[in-house]
Amino acid sequence: MDAPGQVTLQTEGDHVLAMGPDLHQDRRARLFFSSILGAEAILGGWRCPRRQLPISDLVIRINSYLEAKGWRVDRVGAVDDEIQRAIERKRSFERAREAAVALRQGQSRADLPSIREVLAKFGWDSAARALLPHQESAVQHALTAVSAANFSVPGSGKTAIALAVAAAHLASDTVELVVVVGPLACFAPWEREAQAALPSKLRARRVRGTADQRRQAYGSARKLDLLLTSYAGAAADKAQLIELCRRYRVMLIVDESHRIKRFRGGTWAPALLEIAKHARVKLILSGTPMPQGGRDLYSQLNILWPSGELTGPRDQFGLRVDQDFDSVLRDVQPFVSRAPKEALGLPPYRVIRHNVAMDSLQEEIYLLIEGNFRRRLEDVRQWQEKLATLRRGRPIRLLQAASNPDVLNRADGYYNLPRMVSQNSTLMERLAAYRAAEVPSKSRAALELIRGITDVGGKVVAWSNFLLNLDQFAQLVRAESKLPVFQVDGRIRTGDEAWEEQSDSAPYPQEGDTREQIIERFLSVTGPAVLVTNPASCSESISLHRSCHNAIYLDRTYDCALFLQSIDRIHRLGLPSGAMVTVHLLLASVRGRGTCDHLVDRALSRKDASMRQLLEGAELRPLGASSSPLESAEGNDEDLAELLRYLLGEQQNAGAP
């Protein structure tokens, strides 16, 4: 019989046996095994089911608890192997952390001249893809931290950075093969960058098609392959990817890693976590790693260290985020690289505001809606009640009317807005007659701007937040200009959505163009062309700067982050030499005065500095985005208060028209 205070751990199928005569006598141990682990009391100890945990995680959890409480643990067979691996993982983590901290203090074993030499010998084409200083620093950091996060701003060249890191690992034989998991929109950039930076060195291959075709792709993979798969694909093919990691030393790169930000649940993050446990090197990439809050980091960081060395347990991480987020950032900072936008050396973009007078019927509709809001507010006395009444009335209706009143005649699925219904019969009659009577004034103004841009051979992206407006504007441009017009919005499937819809018997995708295919055709078509889209569909994972340097905004909402991210589609690293990025803002005016468009413009200007610091600065902070698109679009309390003062006549003008 074991001596008091000693426990033997061993595995039995899907159970871990904890055997020791004192385990039943110790109150804390009984609580841990029976209540927390759901273990079964057996003669001389406990039989612990693994439940949803991998058996190795259960072994480590029991061992850690027992040792922390002072028990002497005798580990038998596979149990001891798991503990030894856990100890080595912890040592590896500490070594990587210490090296990354030393790098920040100016002490690095991976010096830049040596890295450049390794890349050159491996075949990096520095003429085609010369790394800028912020990119070289990011490569140095990733090679030092081994498993690292690059959270540099959108458009900073993270793909080239990741390729350089992969090339250095391949050159030193640390890894043999690279797997990239990301949205389908990233596939073409990865293929282009690999061809430019490492011509004839890496074989970039998309893993897609039926289940059998994907199995064949994994089975035929060989050294120096760069495999590209989607989040949905990685989740479905988890077993094949784990087997691939067993056959080869694999570097796993997760692009746009904020796509797996869910703190709990989901299928993508758990699958990637299991795959990451078998990969030799991990790298995650995102320009906006915390769209909503600090908890967004948990799943992403666990890809780097899947046993939780960097984050700790889920609930503990969430508590720390809520109570002391700065301490979380201090702990993860050694493994994170982030370059601000100013490091990219981009020329500033030019913003041109165009005041556009409404035509008569649109003007009447807009004023009728303004009047409806005023009447609702007249009988409300308290300021906070007025704000609540304004919010309930859906102030986005004013933005719709200023853009295209006909959108009020249809339900809006993205914002979850029903068709507008009013007791004002005059308003309803004017809305019913609008489409046949007028073309929205801003649509006509945008068409003239497009003619000026395309007459000299330019491409242009036109943005609107309202789907019906996109449809009608695209139709107008086609009819009036005869230009190639491409349209992308939430009704067009992404590549990931098309993948999820395909069956084992059907090729990928089943039918119709995906968002990525349409955008690629827009960029590739010779000569002028127009892309009509909405920020919700194309504010991330899309690069338009190769051949498009002009943007026209038919309308904007109070969502500053979405607006700035949409500008980043054309203002990013890799702009052709001498290219000037121009942003045209169309602001509706009525009877010689400003409208809600001017209020939005003023609000976005007010938010610009702080939002730029969050999006483009070196400091890592949450954006604080709302999970509700409508709430973000209609603004915060300060935005509503300004609109309220305008509607009540306390502010005589919305802005200078």
# chains A, B, ... in the order shown; residues from 1 in each chain; ligands from 1
$ residues_around --residues "Ser626 (chain A)" --least-positions-apart "2" --cutoff "10 Å" --atoms "only C-alpha atoms" --output "list of chain:residue names"
A:Pro291, A:Gln292, A:Gly293, A:Asp559, A:Leu623, A:Gly624, A:Ser628, A:Pro629, A:Leu630, A:Glu631, A:Ser632, A:Ala633
$ select_by_dssp --residues "region 336-472 of chain A" --states "helix (DSSP H, G or I)" --output "JSON, numbers by chain"
{"A": [341, 342, 343, 344, 360, 361, 362, 363, 364, 365, 366, 367, 368, 369, 370, 371, 372, 373, 374, 375, 376, 377, 378, 383, 384, 385, 386, 387, 388, 389, 390, 391, 392, 396, 397, 398, 399, 400, 401, 402, 403, 405, 406, 407, 408, 409, 425, 426, 427, 428, 429, 430, 431, 432, 433, 434, 435, 436, 437, 441, 442, 443, 444, 445, 446, 447, 448, 449, 450, 451, 452, 453, 454, 467, 468, 469, 470, 471, 472]}
$ write_last_selection --atoms "C-alpha atoms" --output "PDB file, in the first residue's frame"
ATOM      1  CA  LYS A 341       0.581  52.843 -40.035  1.00  0.00           C
ATOM      2  CA  GLU A 342       3.099  55.684 -39.943  1.00  0.00           C
ATOM      3  CA  ALA A 343       5.853  53.048 -40.285  1.00  0.00           C
ATOM      4  CA  LEU A 344       4.579  52.150 -43.765  1.00  0.00           C
ATOM      5  CA  SER A 360     -37.460  68.409 -55.084  1.00  0.00           C
ATOM      6  CA  LEU A 361     -39.106  65.080 -54.248  1.00  0.00           C
ATOM      7  CA  GLN A 362     -36.157  63.751 -52.243  1.00  0.00           C
ATOM      8  CA  GLU A 363     -36.037  67.068 -50.394  1.00  0.00           C
ATOM      9  CA  GLU A 364     -39.744  66.830 -49.530  1.00  0.00           C
ATOM     10  CA  ILE A 365     -39.371  63.253 -48.275  1.00  0.00           C
ATOM     11  CA  TYR A 366     -36.348  64.133 -46.148  1.00  0.00           C
ATOM     12  CA  LEU A 367     -38.131  67.102 -44.572  1.00  0.00           C
ATOM     13  CA  LEU A 368     -41.243  65.017 -43.875  1.00  0.00           C
ATOM     14  CA  ILE A 369     -39.137  62.453 -42.013  1.00  0.00           C
ATOM     15  CA  GLU A 370     -37.408  65.243 -40.073  1.00  0.00           C
ATOM     16  CA  GLY A 371     -40.849  66.589 -39.178  1.00  0.00           C
ATOM     17  CA  ASN A 372     -42.011  63.171 -37.972  1.00  0.00           C
ATOM     18  CA  PHE A 373     -39.058  62.997 -35.589  1.00  0.00           C
ATOM     19  CA  ARG A 374     -39.742  66.499 -34.262  1.00  0.00           C
ATOM     20  CA  ARG A 375     -43.381  65.700 -33.526  1.00  0.00           C
ATOM     21  CA  ARG A 376     -42.403  62.561 -31.624  1.00  0.00           C
ATOM     22  CA  LEU A 377     -39.985  64.573 -29.517  1.00  0.00           C
ATOM     23  CA  GLU A 378     -42.333  67.473 -28.716  1.00  0.00           C
ATOM     24  CA  TRP A 383     -33.509  64.849 -22.110  1.00  0.00           C
ATOM     25  CA  GLN A 384     -32.718  61.162 -21.588  1.00  0.00           C
ATOM     26  CA  GLU A 385     -36.269  60.249 -22.572  1.00  0.00           C
ATOM     27  CA  LYS A 386     -35.857  62.332 -25.736  1.00  0.00           C
ATOM     28  CA  LEU A 387     -32.670  60.424 -26.571  1.00  0.00           C
ATOM     29  CA  ALA A 388     -34.454  57.120 -26.012  1.00  0.00           C
ATOM     30  CA  THR A 389     -37.368  58.252 -28.181  1.00  0.00           C
ATOM     31  CA  LEU A 390     -34.980  59.281 -30.938  1.00  0.00           C
ATOM     32  CA  ARG A 391     -33.187  55.920 -30.776  1.00  0.00           C
ATOM     33  CA  ARG A 392     -36.480  54.021 -30.937  1.00  0.00           C
ATOM     34  CA  ILE A 396     -30.808  55.790 -39.633  1.00  0.00           C
ATOM     35  CA  ARG A 397     -33.983  56.581 -41.602  1.00  0.00           C
ATOM     36  CA  LEU A 398     -32.619  60.086 -42.118  1.00  0.00           C
ATOM     37  CA  LEU A 399     -29.394  58.692 -43.580  1.00  0.00           C
ATOM     38  CA  GLN A 400     -31.400  56.455 -45.895  1.00  0.00           C
ATOM     39  CA  ALA A 401     -33.544  59.363 -47.086  1.00  0.00           C
ATOM     40  CA  ALA A 402     -30.467  61.533 -47.688  1.00  0.00           C
ATOM     41  CA  SER A 403     -28.914  58.755 -49.784  1.00  0.00           C
ATOM     42  CA  PRO A 405     -35.451  57.500 -50.370  1.00  0.00           C
ATOM     43  CA  ASP A 406     -36.438  54.376 -52.280  1.00  0.00           C
ATOM     44  CA  VAL A 407     -34.521  52.196 -49.812  1.00  0.00           C
ATOM     45  CA  LEU A 408     -37.230  53.081 -47.275  1.00  0.00           C
ATOM     46  CA  ASN A 409     -39.692  51.107 -49.397  1.00  0.00           C
ATOM     47  CA  SER A 425     -50.096  59.634 -45.764  1.00  0.00           C
ATOM     48  CA  THR A 426     -48.244  62.366 -47.658  1.00  0.00           C
ATOM     49  CA  LEU A 427     -44.903  60.760 -46.818  1.00  0.00           C
ATOM     50  CA  MET A 428     -46.100  57.312 -47.877  1.00  0.00           C
ATOM     51  CA  GLU A 429     -47.430  58.681 -51.196  1.00  0.00           C
ATOM     52  CA  ARG A 430     -44.144  60.468 -51.915  1.00  0.00           C
ATOM     53  CA  LEU A 431     -42.146  57.328 -51.130  1.00  0.00           C
ATOM     54  CA  ALA A 432     -44.333  55.205 -53.405  1.00  0.00           C
ATOM     55  CA  ALA A 433     -43.822  57.639 -56.266  1.00  0.00           C
ATOM     56  CA  TYR A 434     -40.120  58.283 -55.775  1.00  0.00           C
ATOM     57  CA  ARG A 435     -38.448  55.586 -57.890  1.00  0.00           C
ATOM     58  CA  ALA A 436     -40.343  56.547 -61.036  1.00  0.00           C
ATOM     59  CA  ALA A 437     -39.906  60.276 -60.503  1.00  0.00           C
ATOM     60  CA  SER A 441     -29.057  63.488 -56.423  1.00  0.00           C
ATOM     61  CA  LYS A 442     -25.981  61.883 -54.865  1.00  0.00           C
ATOM     62  CA  SER A 443     -26.182  59.004 -57.332  1.00  0.00           C
ATOM     63  CA  ARG A 444     -26.075  61.460 -60.225  1.00  0.00           C
ATOM     64  CA  ALA A 445     -23.194  63.345 -58.614  1.00  0.00           C
ATOM     65  CA  ALA A 446     -21.289  60.082 -58.102  1.00  0.00           C
ATOM     66  CA  LEU A 447     -21.871  59.170 -61.742  1.00  0.00           C
ATOM     67  CA  GLU A 448     -20.249  62.445 -62.828  1.00  0.00           C
ATOM     68  CA  LEU A 449     -17.251  61.778 -60.573  1.00  0.00           C
ATOM     69  CA  ILE A 450     -16.931  58.295 -62.048  1.00  0.00           C
ATOM     70  CA  ARG A 451     -16.896  59.712 -65.558  1.00  0.00           C
ATOM     71  CA  GLY A 452     -14.079  62.064 -64.620  1.00  0.00           C
ATOM     72  CA  ILE A 453     -12.036  59.228 -63.095  1.00  0.00           C
ATOM     73  CA  THR A 454     -12.667  56.624 -65.777  1.00  0.00           C
ATOM     74  CA  LEU A 467     -28.248  47.176 -50.391  1.00  0.00           C
ATOM     75  CA  LEU A 468     -31.062  48.558 -52.554  1.00  0.00           C
ATOM     76  CA  ASN A 469     -28.990  51.650 -53.201  1.00  0.00           C
ATOM     77  CA  LEU A 470     -26.128  49.421 -54.381  1.00  0.00           C
ATOM     78  CA  ASP A 471     -28.457  47.644 -56.806  1.00  0.00           C
ATOM     79  CA  GLN A 472     -29.897  50.839 -58.252  1.00  0.00           C
TER      80      GLN A 472
END
$ closest_residue --among "A:Gln140, A:Thr582, A:Gln333, A:Asn534" --to "Tyr349 (chain A)" --atoms "only C-alpha atoms"
A:Thr582
$ residues_around --residues "Phe32 (chain A)" --least-positions-apart "6" --cutoff "10 Å" --atoms "only C-alpha atoms" --output "PyMOL selection string"
chain A and resi 38-39+62+65-66
$ closest_atom_pairs --of "region 164-186 of chain A" --to "region 121-136 of chain A" --cutoff "8 Å" --atoms "only C-alpha atoms" --output "Markdown table"
| residue | atom | partner | partner_atom | distance |
| --- | --- | --- | --- | --- |
| A:Ala164 | CA | A:Trp124 | CA | 7.9 |
| A:Ala167 | CA | A:Phe122 | CA | 7.1 |
| A:Ala168 | CA | A:Phe122 | CA | 7.8 |
| A:Ala171 | CA | A:Phe122 | CA | 5.8 |
$ closest_residue --among "A:Thr8, A:Ser172, A:Gln565, A:Ser286" --to "Val73 (chain A)" --atoms "only C-alpha atoms"
A:Thr8
$ residues_around --residues "Glu191 (chain A)" --least-positions-apart "4" --cutoff "9 Å" --atoms "only C-alpha atoms" --output "list in words"
Cys186, Phe187, Gln195, Ala196, Arg203, Ala204, Arg205 and Leu226 of chain A
$ write_last_selection --atoms "C-alpha atoms" --output "short mmCIF file (atom, residue, chain, number, x, y, z; two decimals), in the first residue's frame"
data_model
loop_
_atom_site.label_atom_id
_atom_site.label_comp_id
_atom_site.auth_asym_id
_atom_site.auth_seq_id
_atom_site.Cartn_x
_atom_site.Cartn_y
_atom_site.Cartn_z
CA CYS A 186 -6.38 35.87 -48.70
CA PHE A 187 -5.51 33.00 -51.05
CA GLN A 195 5.50 33.84 -56.53
CA ALA A 196 7.10 37.28 -56.23
CA ARG A 203 4.57 25.42 -54.38
CA ALA A 204 1.37 27.27 -53.40
CA ARG A 205 -1.66 24.96 -53.55
CA LEU A 226 2.44 26.11 -49.14
#
$ closest_residue --among "A:Gly20, A:Pro183, A:Gly219, A:Gly393" --to "Gly45 (chain A)" --atoms "only C-alpha atoms"
A:Gly20
$ closest_residue --among "A:Ser147, A:Thr533, A:Gln316, A:Asn465" --to "Asp555 (chain A)" --atoms "only C-alpha atoms"
A:Asn465
$ closest_residue --among "A:His141, A:Arg410, A:Arg47, A:Lys90" --to "Leu112 (chain A)" --atoms "only C-alpha atoms"
A:His141
$ atom_distance --atom1 "CA of Ser537 (chain A)" --atom2 "CA of Asp639 (chain A)"
24.3 Å
$ closest_residue --among "A:Gly209, A:Gly266, A:Pro334, A:Pro313" --to "Glu98 (chain A)" --atoms "only C-alpha atoms"
A:Pro334
$ residues_around --residues "region 513-526 of chain A" --least-positions-apart "5" --cutoff "9 Å" --atoms "only C-alpha atoms" --output "list in words"
Leu184, Ala185, Cys186, Ala188, Lys459, Pro484, Val485, Phe486, Gln487, Val488, Asp489, Gly490, Ile492, Arg493, Thr494, Gly495, Glu497, Ala498, Leu531, Ser537, Ile542, Ser543, Leu544, His545, Arg546, Ser547 and Cys548 of chain A
$ select_by_dssp --residues "region 485-640 of chain A" --states "strand (DSSP E)" --output "list in words"
Val485, Phe486, Gln487, Val488, Ala529, Val530, Leu531, Val532, Thr533, Asn550, Ala551, Ile552, Tyr553, Thr582, Val583, His584, Leu585, Leu586, Leu587, Ala588, Ser589, Val590, Arg593 and Gly594 of chain A
$ residues_around --residues "Leu163 (chain A)" --least-positions-apart "3" --cutoff "9 Å" --atoms "only C-alpha atoms" --output "list in words"
Lys158, Thr159, Ala160, Ala166, Ala167, Ala168, Trp190, Glu193, Ala194, Ala197 and Leu198 of chain A
$ write_last_selection --atoms "N, CA and C atoms" --output "PDB file, in the first residue's frame"
ATOM      1  N   LYS A 158       1.695  42.067 -43.973  1.00  0.00           N
ATOM      2  CA  LYS A 158       1.865  40.921 -43.064  1.00  0.00           C
ATOM      3  C   LYS A 158       2.090  39.619 -43.822  1.00  0.00           C
ATOM      4  N   THR A 159       1.549  39.503 -45.033  1.00  0.00           N
ATOM      5  CA  THR A 159       1.762  38.278 -45.814  1.00  0.00           C
ATOM      6  C   THR A 159       3.237  38.109 -46.163  1.00  0.00           C
ATOM      7  N   ALA A 160       3.871  39.197 -46.600  1.00  0.00           N
ATOM      8  CA  ALA A 160       5.301  39.135 -46.924  1.00  0.00           C
ATOM      9  C   ALA A 160       6.125  38.817 -45.679  1.00  0.00           C
ATOM     10  N   ALA A 166       8.542  32.066 -42.700  1.00  0.00           N
ATOM     11  CA  ALA A 166       8.460  30.685 -43.166  1.00  0.00           C
ATOM     12  C   ALA A 166       9.718  30.289 -43.926  1.00  0.00           C
ATOM     13  N   ALA A 167      10.213  31.200 -44.781  1.00  0.00           N
ATOM     14  CA  ALA A 167      11.412  30.904 -45.568  1.00  0.00           C
ATOM     15  C   ALA A 167      12.616  30.660 -44.664  1.00  0.00           C
ATOM     16  N   ALA A 168      12.733  31.466 -43.605  1.00  0.00           N
ATOM     17  CA  ALA A 168      13.858  31.282 -42.685  1.00  0.00           C
ATOM     18  C   ALA A 168      13.769  29.929 -41.978  1.00  0.00           C
ATOM     19  N   TRP A 190      -1.652  35.498 -51.066  1.00  0.00           N
ATOM     20  CA  TRP A 190      -0.591  34.575 -50.677  1.00  0.00           C
ATOM     21  C   TRP A 190       0.104  33.987 -51.904  1.00  0.00           C
ATOM     22  N   GLU A 193       2.250  36.800 -53.522  1.00  0.00           N
ATOM     23  CA  GLU A 193       3.439  37.125 -52.743  1.00  0.00           C
ATOM     24  C   GLU A 193       4.462  35.992 -52.786  1.00  0.00           C
ATOM     25  N   ALA A 194       3.991  34.759 -52.717  1.00  0.00           N
ATOM     26  CA  ALA A 194       4.913  33.619 -52.785  1.00  0.00           C
ATOM     27  C   ALA A 194       5.626  33.574 -54.124  1.00  0.00           C
ATOM     28  N   ALA A 197       8.151  36.709 -54.094  1.00  0.00           N
ATOM     29  CA  ALA A 197       9.264  36.673 -53.150  1.00  0.00           C
ATOM     30  C   ALA A 197      10.107  35.408 -53.270  1.00  0.00           C
ATOM     31  N   LEU A 198       9.457  34.288 -53.561  1.00  0.00           N
ATOM     32  CA  LEU A 198      10.157  33.000 -53.601  1.00  0.00           C
ATOM     33  C   LEU A 198       9.812  32.261 -54.888  1.00  0.00           C
TER      34      LEU A 198
END
$ atom_distance --atom1 "CA of Val356 (chain A)" --atom2 "CA of Ser610 (chain A)"
28.8 Å
$ residues_around --residues "Glu309 (chain A)" --least-positions-apart "2" --cutoff "12 Å" --atoms "only C-alpha atoms" --output "list of chain:residue names"
A:Ala86, A:Ile87, A:Glu88, A:Arg89, A:Lys90, A:Arg91, A:Ser92, A:Phe93, A:Glu94, A:Ala96, A:Arg97, A:Tyr298, A:Leu301, A:Asn302, A:Ile303, A:Leu304, A:Trp305, A:Pro306, A:Ser307, A:Thr311, A:Gly312, A:Pro313, A:Arg314, A:Phe317, A:Asp331, A:Val332, A:Phe335
$ write_last_selection --atoms "N, CA and C atoms" --output "mmCIF file, in the first residue's frame"
data_model
loop_
_atom_site.group_PDB
_atom_site.id
_atom_site.type_symbol
_atom_site.label_atom_id
_atom_site.label_comp_id
_atom_site.auth_asym_id
_atom_site.auth_seq_id
_atom_site.Cartn_x
_atom_site.Cartn_y
_atom_site.Cartn_z
ATOM 1 N N ALA A 86 4.712 18.025 -20.879
ATOM 2 C CA ALA A 86 4.191 19.288 -20.349
ATOM 3 C C ALA A 86 5.314 20.135 -19.759
ATOM 4 N N ILE A 87 6.228 19.493 -19.059
ATOM 5 C CA ILE A 87 7.373 20.221 -18.487
ATOM 6 C C ILE A 87 8.225 20.827 -19.595
ATOM 7 N N GLU A 88 8.438 20.065 -20.659
ATOM 8 C CA GLU A 88 9.248 20.576 -21.760
ATOM 9 C C GLU A 88 8.542 21.734 -22.467
ATOM 10 N N ARG A 89 7.196 21.632 -22.596
ATOM 11 C CA ARG A 89 6.458 22.746 -23.196
ATOM 12 C C ARG A 89 6.620 24.010 -22.360
ATOM 13 N N LYS A 90 6.546 23.844 -21.057
ATOM 14 C CA LYS A 90 6.692 25.005 -20.186
ATOM 15 C C LYS A 90 8.091 25.596 -20.314
ATOM 16 N N ARG A 91 9.094 24.721 -20.388
ATOM 17 C CA ARG A 91 10.462 25.227 -20.562
ATOM 18 C C ARG A 91 10.609 25.948 -21.894
ATOM 19 N N SER A 92 10.018 25.370 -22.956
ATOM 20 C CA SER A 92 10.083 26.009 -24.279
ATOM 21 C C SER A 92 9.422 27.378 -24.248
ATOM 22 N N PHE A 93 8.279 27.447 -23.563
ATOM 23 C CA PHE A 93 7.570 28.721 -23.447
ATOM 24 C C PHE A 93 8.434 29.751 -22.728
ATOM 25 N N GLU A 94 9.049 29.345 -21.630
ATOM 26 C CA GLU A 94 9.879 30.285 -20.876
ATOM 27 C C GLU A 94 11.091 30.731 -21.684
ATOM 28 N N ALA A 96 11.266 30.918 -24.966
ATOM 29 C CA ALA A 96 10.782 31.832 -26.001
ATOM 30 C C ALA A 96 10.441 33.190 -25.407
ATOM 31 N N ARG A 97 9.810 33.189 -24.248
ATOM 32 C CA ARG A 97 9.445 34.461 -23.611
ATOM 33 C C ARG A 97 10.690 35.259 -23.243
ATOM 34 N N TYR A 298 -8.334 35.559 -26.610
ATOM 35 C CA TYR A 298 -8.119 34.259 -25.956
ATOM 36 C C TYR A 298 -7.891 33.128 -26.960
ATOM 37 N N LEU A 301 -4.609 33.619 -29.134
ATOM 38 C CA LEU A 301 -3.339 33.373 -28.455
ATOM 39 C C LEU A 301 -3.143 31.901 -28.119
ATOM 40 N N ASN A 302 -4.249 31.186 -27.935
ATOM 41 C CA ASN A 302 -4.121 29.758 -27.645
ATOM 42 C C ASN A 302 -3.662 28.964 -28.854
ATOM 43 N N ILE A 303 -3.781 29.518 -30.048
ATOM 44 C CA ILE A 303 -3.185 28.863 -31.220
ATOM 45 C C ILE A 303 -1.668 28.828 -31.061
ATOM 46 N N LEU A 304 -1.098 29.899 -30.512
ATOM 47 C CA LEU A 304 0.357 29.969 -30.356
ATOM 48 C C LEU A 304 0.856 28.988 -29.293
ATOM 49 N N TRP A 305 0.168 28.943 -28.169
ATOM 50 C CA TRP A 305 0.556 28.047 -27.076
ATOM 51 C C TRP A 305 -0.703 27.301 -26.648
ATOM 52 N N PRO A 306 -1.009 26.189 -27.313
ATOM 53 C CA PRO A 306 -2.310 25.522 -27.153
ATOM 54 C C PRO A 306 -2.583 24.960 -25.765
ATOM 55 N N SER A 307 -1.579 24.821 -24.934
ATOM 56 C CA SER A 307 -1.822 24.317 -23.579
ATOM 57 C C SER A 307 -2.099 25.439 -22.588
ATOM 58 N N THR A 311 -2.121 32.227 -21.873
ATOM 59 C CA THR A 311 -3.397 32.811 -21.440
ATOM 60 C C THR A 311 -3.862 32.332 -20.077
ATOM 61 N N GLY A 312 -3.478 31.134 -19.682
ATOM 62 C CA GLY A 312 -4.077 30.534 -18.506
ATOM 63 C C GLY A 312 -5.461 30.006 -18.838
ATOM 64 N N PRO A 313 -6.197 29.503 -17.848
ATOM 65 C CA PRO A 313 -7.542 28.978 -18.091
ATOM 66 C C PRO A 313 -8.484 30.053 -18.623
ATOM 67 N N ARG A 314 -9.498 29.620 -19.361
ATOM 68 C CA ARG A 314 -10.423 30.532 -20.025
ATOM 69 C C ARG A 314 -11.079 31.516 -19.044
ATOM 70 N N PHE A 317 -8.713 34.006 -17.606
ATOM 71 C CA PHE A 317 -8.352 35.021 -18.601
ATOM 72 C C PHE A 317 -9.456 36.070 -18.707
ATOM 73 N N ASP A 331 1.667 40.572 -20.213
ATOM 74 C CA ASP A 331 2.061 39.167 -20.314
ATOM 75 C C ASP A 331 2.190 38.704 -21.767
ATOM 76 N N VAL A 332 1.295 39.185 -22.641
ATOM 77 C CA VAL A 332 1.304 38.694 -24.025
ATOM 78 C C VAL A 332 2.230 39.516 -24.920
ATOM 79 N N PHE A 335 5.189 38.255 -27.120
ATOM 80 C CA PHE A 335 4.886 37.388 -28.260
ATOM 81 C C PHE A 335 4.145 38.123 -29.378
#
